[in-house]
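> Attaching a single structure in structure tokens format; questions to follow.
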Amino acid sequence: MTSTATALTIRLVRTEEFDRAGELTARAYQHSYGGLSGHYLASLRDVAVRVQSGDVWVAVDAAAGDLLGTVWVARPNRPLADIAQPGETDFRQLAVAPEARGRGVGEALTRHVIELARERGSHRVVMNSGPEMTAAHALYAKLGFTRLTEREGRIEVEPGRFIELLAFGYDLEPLAAAPSATTGPAPTWLLEEVDYADARAVALRAEMDREVGPRYADRFDDADPEAAARSARAFAIDPATIVATVLVTDAAGTAVGHGALRDLAHDGTRDLEIKRVFVHQRARGLGASRALLAELERIARDRGASRVILQTGDRQHDAVVLYERLGYTPIPIYAPYTEYDFSRCFAKAL
């Protein structure tokens, strides 16, 4: 997302920016609030921990490339704090560099959170805020947030330190077509094996490219024709090597997830490789990814594979967390990705 009025680009934080984003957050809080303990400041600086449980977005000066602000946002159906109820998106630690204040950075980040929530089908955006954060409260009021007094109270933010937290919410109407509900009982996902060229599979892969592609655009040298050709070969998929394509569908029959297995000859061996795993935002956090991966593993096991392997990238923090939780373990980068040191490769014994 690029805000032309303020010349800002808002995107997910990159791995190499963790230290800078963390230091920005700590400086912003120190500038506004006194008496912060060393322990709390250390937690503000620890972006690597935050991306394990949520998405950290940054506002970047579109011309200079400087980080100007950051915000920590819950992933779909994975709240960061107790304030969030089913169907809501919460965010925390909205921070703007002291030298960038007055440029609309905080407003742009908050509007970005609202649009994320709308896209994933949430009906409300919520957050807690300390009573002394009056500038933030003024921004929230300007944007249409209202107090949720029934969710306010005193909490212990670190051992022996209690503060009163206010609560704010922004009600919104989600976009019309939602693949799955975010409230009510846990959905039952249906799994369907299809041809790789199935129109629904093609559409989901295109959606994945739109979401993930921009995260790595700066990692590829398109100005060098030889480098661009090597990248195209490394990440291309020959449909003839695909042995299975699986869709996850909801109760209404809408395809919300995609994954495939390909027969990959690499480094003197052969493996079944999991490829193109993608779940629509509105179906995340509800078990669709787990169901999809379990089905791909079952197919691989039935085909006699002793393990499956996969490659992802260092900027897909949510994917890395998911794979590790499901028992995938890191392995060295394998061909055809050996030239791309941002790759994160995993294997799971079957």
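Please note that chains go A, B, ... in the order of the structure tokens, that every chain numbers its residues from 1, and that ligands are numbered from 1 in the order shown.
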With 12 Å as the cut-off and only C-alpha atoms counted, what is the closest atom pair between each nearby residue of stretch 98-200 of chain A and stretch 19-27 of chain A? Distances in Å to one decimal, ordered by chain and number, as a tab-separated table.

residue	atom	partner	partner_atom	distance
A:Pro98	CA	A:Arg27	CA	7.5
A:Glu99	CA	A:Arg27	CA	10.3
A:Ala100	CA	A:Leu24	CA	10.8
> Next, write the just-selected residues to a file, as a compact mmCIF listing (two decimals), in the first residue's frame, keeping N, CA, C and O atoms as the atom set.

# COMPACT_ATOMS: atom_id res chain seq x y z
N PRO A 98 9.75 10.00 16.49
CA PRO A 98 9.51 11.38 16.93
C PRO A 98 9.73 12.41 15.83
O PRO A 98 8.98 13.38 15.72
N GLU A 99 10.76 12.21 15.01
CA GLU A 99 11.07 13.19 13.97
C GLU A 99 10.08 13.15 12.80
O GLU A 99 10.07 14.03 11.94
N ALA A 100 9.21 12.11 12.75
CA ALA A 100 8.25 11.97 11.65
C ALA A 100 6.84 12.37 12.06
O ALA A 100 5.91 12.24 11.25
> Excluding same-chain residues fewer than 3 positions from A:Arg344, what lies within 9 Å of it counting only C-alpha atoms, as a CSV table (one decimal) with all heavy atoms, in the first residue's frame?

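Saved the output as result_23.csv:
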chain,number,residue,atom,x,y,z
A,310,LEU,N,9.9,-28.6,1.7
A,310,LEU,CA,9.3,-27.3,1.2
A,310,LEU,C,10.3,-26.2,1.4
A,310,LEU,O,11.2,-26.3,2.2
A,310,LEU,CB,8.0,-27.0,1.9
A,310,LEU,CG,8.0,-26.8,3.4
A,310,LEU,CD1,8.3,-25.4,3.8
A,310,LEU,CD2,6.6,-27.1,4.0
A,311,GLN,N,10.0,-25.2,0.6
A,311,GLN,CA,10.8,-23.9,0.6
A,311,GLN,C,9.9,-22.8,0.8
A,311,GLN,O,8.8,-22.7,0.2
A,311,GLN,CB,11.6,-23.7,-0.7
A,311,GLN,CG,12.4,-22.5,-0.7
A,311,GLN,CD,11.7,-21.3,-1.4
A,311,GLN,OE1,10.6,-21.4,-1.9
A,311,GLN,NE2,12.3,-20.1,-1.4
A,312,THR,N,10.2,-21.9,1.7
A,312,THR,CA,9.5,-20.6,1.9
A,312,THR,C,10.6,-19.5,2.0
A,312,THR,O,11.8,-19.8,1.7
A,312,THR,CB,8.6,-20.7,3.1
A,312,THR,OG1,7.8,-19.5,3.1
A,312,THR,CG2,9.3,-20.8,4.4
A,313,GLY,N,10.2,-18.3,2.4
A,313,GLY,CA,11.1,-17.2,2.5
A,313,GLY,C,11.2,-16.6,3.9
A,313,GLY,O,10.3,-16.8,4.7
A,314,ASP,N,12.2,-15.8,4.2
A,314,ASP,CA,12.4,-15.3,5.5
A,314,ASP,C,11.5,-14.1,5.8
A,314,ASP,O,11.5,-13.6,6.9
A,314,ASP,CB,13.9,-14.8,5.7
A,314,ASP,CG,14.3,-13.7,4.7
A,314,ASP,OD1,13.5,-13.3,3.8
A,314,ASP,OD2,15.4,-13.2,4.8
A,320,VAL,N,6.5,-19.7,8.4
A,320,VAL,CA,7.6,-20.4,9.2
A,320,VAL,C,7.1,-20.9,10.5
A,320,VAL,O,7.3,-22.0,10.9
A,320,VAL,CB,8.8,-19.4,9.4
A,320,VAL,CG1,9.8,-20.0,10.3
A,320,VAL,CG2,9.5,-19.2,8.0
A,330,PRO,N,14.1,-27.4,10.1
A,330,PRO,CA,14.9,-26.7,9.0
A,330,PRO,C,15.9,-27.7,8.4
A,330,PRO,O,16.5,-28.6,9.1
A,330,PRO,CB,15.6,-25.6,9.8
A,330,PRO,CG,14.8,-25.4,11.1
A,330,PRO,CD,14.2,-26.8,11.4
A,331,ILE,N,16.2,-27.5,7.1
A,331,ILE,CA,17.2,-28.3,6.4
A,331,ILE,C,18.0,-27.3,5.6
A,331,ILE,O,17.5,-26.1,5.4
A,331,ILE,CB,16.6,-29.4,5.5
A,331,ILE,CG1,15.6,-28.8,4.5
A,331,ILE,CG2,15.9,-30.4,6.4
A,331,ILE,CD1,15.1,-29.7,3.5
A,332,PRO,N,19.1,-27.6,5.1
A,332,PRO,CA,19.9,-26.7,4.2
A,332,PRO,C,19.1,-26.4,3.0
A,332,PRO,O,18.2,-27.1,2.5
A,332,PRO,CB,21.2,-27.5,3.9
A,332,PRO,CG,21.3,-28.5,5.0
A,332,PRO,CD,19.9,-28.9,5.4
A,333,ILE,N,19.4,-25.2,2.4
A,333,ILE,CA,18.7,-24.8,1.2
A,333,ILE,C,19.1,-25.8,0.1
A,333,ILE,O,20.2,-26.1,-0.1
A,333,ILE,CB,19.1,-23.3,0.8
A,333,ILE,CG1,18.7,-22.4,1.9
A,333,ILE,CG2,18.5,-22.9,-0.5
A,333,ILE,CD1,19.2,-20.9,1.7
A,341,ASP,N,19.6,-16.9,-0.7
A,341,ASP,CA,19.9,-17.2,0.7
A,341,ASP,C,18.8,-16.7,1.6
A,341,ASP,O,18.8,-16.9,2.8
A,341,ASP,CB,21.2,-16.6,1.1
A,341,ASP,CG,21.3,-15.1,0.9
A,341,ASP,OD1,20.3,-14.4,0.5
A,341,ASP,OD2,22.4,-14.5,1.1
> For A:Arg282, find every residue with an atom within 6 Å (counting only C-alpha atoms), except residues of its own chain fewer than 2 positions away, and show them as a PDB file with N, CA, C and O atoms, in the first residue's frame.

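The resulting file, selection21.pdb, is reproduced below:
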ATOM      1  N   ARG A 120     -10.379  -9.070   5.572  1.00  0.00           N
ATOM      2  CA  ARG A 120     -10.465 -10.425   6.128  1.00  0.00           C
ATOM      3  C   ARG A 120     -11.841 -10.736   6.709  1.00  0.00           C
ATOM      4  O   ARG A 120     -12.064 -11.811   7.246  1.00  0.00           O
ATOM      5  N   HIS A 280      -6.791 -18.220   1.918  1.00  0.00           N
ATOM      6  CA  HIS A 280      -7.378 -16.885   1.901  1.00  0.00           C
ATOM      7  C   HIS A 280      -7.387 -16.298   3.312  1.00  0.00           C
ATOM      8  O   HIS A 280      -7.588 -17.005   4.292  1.00  0.00           O
ATOM      9  N   ARG A 284      -7.900 -18.001   7.479  1.00  0.00           N
ATOM     10  CA  ARG A 284      -6.704 -18.260   8.275  1.00  0.00           C
ATOM     11  C   ARG A 284      -7.033 -18.307   9.756  1.00  0.00           C
ATOM     12  O   ARG A 284      -7.958 -17.659  10.230  1.00  0.00           O
TER      13      ARG A 284
END
> Check stretch 155-322 of chain A with DSSP on the backbone and list each residue it calls strand (DSSP E or B), as a PyMOL selection string.
chain A and resi 155-158+161-171+190-194+242-249+255-266+269-279+307-313
> Go through A:Arg111, A:His123, A:Arg307, A:Arg92 and flag the residue nearest A:Gly54, using only C-alpha atoms for the distances.
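Result for the nearest residue to A:Gly54: A:Arg92.
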> Between A:Asp318, A:Glu152, A:Glu324, A:Glu193, single out the one closest to A:Gly259, counting only C-alpha atoms.
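Selected residue with least distance to A:Gly259: A:Glu193.
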> Listing only residues of stretch 41-120 of chain A within 9 Å of stretch 134-140 of chain A, what is the closest atom pair and its distance in Å (to one decimal) for each, using only C-alpha atoms, sorted by chain and residue number ascending, as a tab-separated table?

residue	atom	partner	partner_atom	distance
A:Leu94	CA	A:Ala136	CA	8.8
A:Gly106	CA	A:Leu139	CA	8.0
A:Glu107	CA	A:Leu139	CA	6.9
A:Thr110	CA	A:Tyr140	CA	8.3
> Give me, please, the distance in Å between atom CA of A:Tyr29 and atom CA of A:Pro131, quoted to one decimal.
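Spanning atom CA of A:Tyr29 to atom CA of A:Pro131 is a straight-line distance of 13.9 Å.
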> Can you tell me, as a list in words, what residues are no more than 10 Å from A:Ala300 when counting only C-alpha atoms, ignoring any on the same chain fewer than 3 positions away?
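Contacts, in chain order: Val243, Ala244, Leu261, Arg262, Asp271, Leu272, Glu273, Ile274, Ala294, Glu295, Leu296, Glu297, Arg303, Gly304, Ala305, Ser306, Arg307, Val308 and Leu350 of chain A.
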> Run DSSP on the backbone of this structure and report the residues of stretch 128-290 of chain A it assigns to alpha helix (DSSP H), as an MDAnalysis selection string.
chainID A and resid 134:143 199:212 225:235 288:290
> For the residues selected in the previous step, produce a file with N, CA and C atoms as a CSV table (one decimal), in the first residue's frame.

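Contents of again33.csv, freshly written:
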chain,number,residue,atom,x,y,z
A,134,THR,N,-2.9,10.6,25.0
A,134,THR,CA,-3.9,11.5,24.5
A,134,THR,C,-3.9,11.8,23.1
A,135,ALA,N,-2.6,11.9,22.5
A,135,ALA,CA,-2.5,12.2,21.1
A,135,ALA,C,-3.1,11.0,20.3
A,136,ALA,N,-2.8,9.8,20.7
A,136,ALA,CA,-3.4,8.6,20.0
A,136,ALA,C,-4.9,8.6,20.1
A,137,HIS,N,-5.4,9.0,21.3
A,137,HIS,CA,-6.9,9.0,21.5
A,137,HIS,C,-7.5,10.0,20.5
A,138,ALA,N,-6.9,11.1,20.4
A,138,ALA,CA,-7.4,12.1,19.4
A,138,ALA,C,-7.5,11.6,18.0
A,139,LEU,N,-6.4,10.9,17.6
A,139,LEU,CA,-6.4,10.3,16.3
A,139,LEU,C,-7.5,9.2,16.1
A,140,TYR,N,-7.7,8.4,17.1
A,140,TYR,CA,-8.7,7.4,17.1
A,140,TYR,C,-10.1,8.0,17.0
A,141,ALA,N,-10.3,9.1,17.7
A,141,ALA,CA,-11.6,9.7,17.7
A,141,ALA,C,-11.9,10.4,16.3
A,142,LYS,N,-10.8,10.9,15.7
A,142,LYS,CA,-10.9,11.5,14.4
A,142,LYS,C,-11.3,10.5,13.4
A,143,LEU,N,-10.8,9.3,13.5
A,143,LEU,CA,-11.1,8.2,12.5
A,143,LEU,C,-12.4,7.5,12.8
A,199,ALA,N,-9.5,-23.9,-12.7
A,199,ALA,CA,-9.7,-22.5,-12.6
A,199,ALA,C,-9.6,-21.9,-11.2
A,200,ARG,N,-10.2,-22.6,-10.3
A,200,ARG,CA,-10.1,-22.2,-8.9
A,200,ARG,C,-8.7,-22.2,-8.3
A,201,ALA,N,-7.9,-23.2,-8.7
A,201,ALA,CA,-6.5,-23.3,-8.3
A,201,ALA,C,-5.7,-22.2,-8.9
A,202,VAL,N,-5.9,-21.9,-10.2
A,202,VAL,CA,-5.2,-20.8,-10.9
A,202,VAL,C,-5.5,-19.5,-10.2
A,203,ALA,N,-6.8,-19.3,-9.8
A,203,ALA,CA,-7.2,-18.0,-9.2
A,203,ALA,C,-6.5,-17.9,-7.8
A,204,LEU,N,-6.4,-18.9,-7.0
A,204,LEU,CA,-5.8,-18.9,-5.7
A,204,LEU,C,-4.3,-18.6,-5.8
A,205,ARG,N,-3.7,-19.3,-6.8
A,205,ARG,CA,-2.2,-19.0,-7.0
A,205,ARG,C,-2.0,-17.6,-7.4
A,206,ALA,N,-2.9,-17.0,-8.2
A,206,ALA,CA,-2.7,-15.6,-8.6
A,206,ALA,C,-2.9,-14.7,-7.4
A,207,GLU,N,-3.8,-15.0,-6.5
A,207,GLU,CA,-4.0,-14.2,-5.3
A,207,GLU,C,-2.8,-14.3,-4.4
A,208,MET,N,-2.2,-15.5,-4.3
A,208,MET,CA,-0.9,-15.7,-3.6
A,208,MET,C,0.2,-14.8,-4.1
A,209,ASP,N,0.3,-14.8,-5.4
A,209,ASP,CA,1.4,-14.0,-6.1
A,209,ASP,C,1.2,-12.5,-5.7
A,210,ARG,N,-0.1,-12.0,-5.7
A,210,ARG,CA,-0.3,-10.6,-5.4
A,210,ARG,C,0.0,-10.3,-4.0
A,211,GLU,N,-0.2,-11.3,-3.1
A,211,GLU,CA,0.1,-11.0,-1.7
A,211,GLU,C,1.6,-11.2,-1.3
A,212,VAL,N,2.2,-12.2,-1.8
A,212,VAL,CA,3.5,-12.6,-1.4
A,212,VAL,C,4.6,-11.9,-2.3
A,225,PRO,N,19.5,-9.3,-17.1
A,225,PRO,CA,18.7,-10.3,-17.8
A,225,PRO,C,19.1,-11.7,-17.4
A,226,GLU,N,20.4,-12.0,-17.2
A,226,GLU,CA,20.8,-13.4,-16.8
A,226,GLU,C,20.3,-13.7,-15.4
A,227,ALA,N,20.4,-12.8,-14.5
A,227,ALA,CA,19.9,-13.0,-13.1
A,227,ALA,C,18.4,-13.2,-13.2
A,228,ALA,N,17.7,-12.4,-13.9
A,228,ALA,CA,16.2,-12.6,-14.0
A,228,ALA,C,15.9,-13.9,-14.6
A,229,ALA,N,16.6,-14.4,-15.6
A,229,ALA,CA,16.3,-15.7,-16.2
A,229,ALA,C,16.6,-16.8,-15.3
A,230,ARG,N,17.7,-16.7,-14.5
A,230,ARG,CA,17.9,-17.7,-13.5
A,230,ARG,C,16.8,-17.8,-12.4
A,231,SER,N,16.4,-16.6,-12.0
A,231,SER,CA,15.3,-16.6,-11.0
A,231,SER,C,14.0,-17.2,-11.6
A,232,ALA,N,13.7,-16.9,-12.8
A,232,ALA,CA,12.5,-17.4,-13.4
A,232,ALA,C,12.6,-19.0,-13.5
A,233,ARG,N,13.8,-19.5,-13.8
A,233,ARG,CA,13.9,-20.9,-13.9
A,233,ARG,C,13.8,-21.6,-12.5
A,234,ALA,N,14.4,-20.9,-11.5
A,234,ALA,CA,14.4,-21.5,-10.2
A,234,ALA,C,13.1,-21.6,-9.6
A,235,PHE,N,12.2,-20.6,-9.8
A,235,PHE,CA,10.9,-20.6,-9.2
A,235,PHE,C,9.8,-21.0,-10.1
A,288,ALA,N,-7.7,-24.3,8.4
A,288,ALA,CA,-7.6,-24.7,7.0
A,288,ALA,C,-6.2,-25.1,6.5
A,289,SER,N,-5.2,-24.3,7.0
A,289,SER,CA,-3.8,-24.6,6.6
A,289,SER,C,-3.4,-26.0,7.2
A,290,ARG,N,-3.8,-26.3,8.4
A,290,ARG,CA,-3.4,-27.6,9.0
A,290,ARG,C,-4.1,-28.7,8.2
> Just to confirm, what's the straight-line distance from atom CA of A:Asp61 to atom CA of A:Arg315 in Å (one decimal)?
19.8 Å
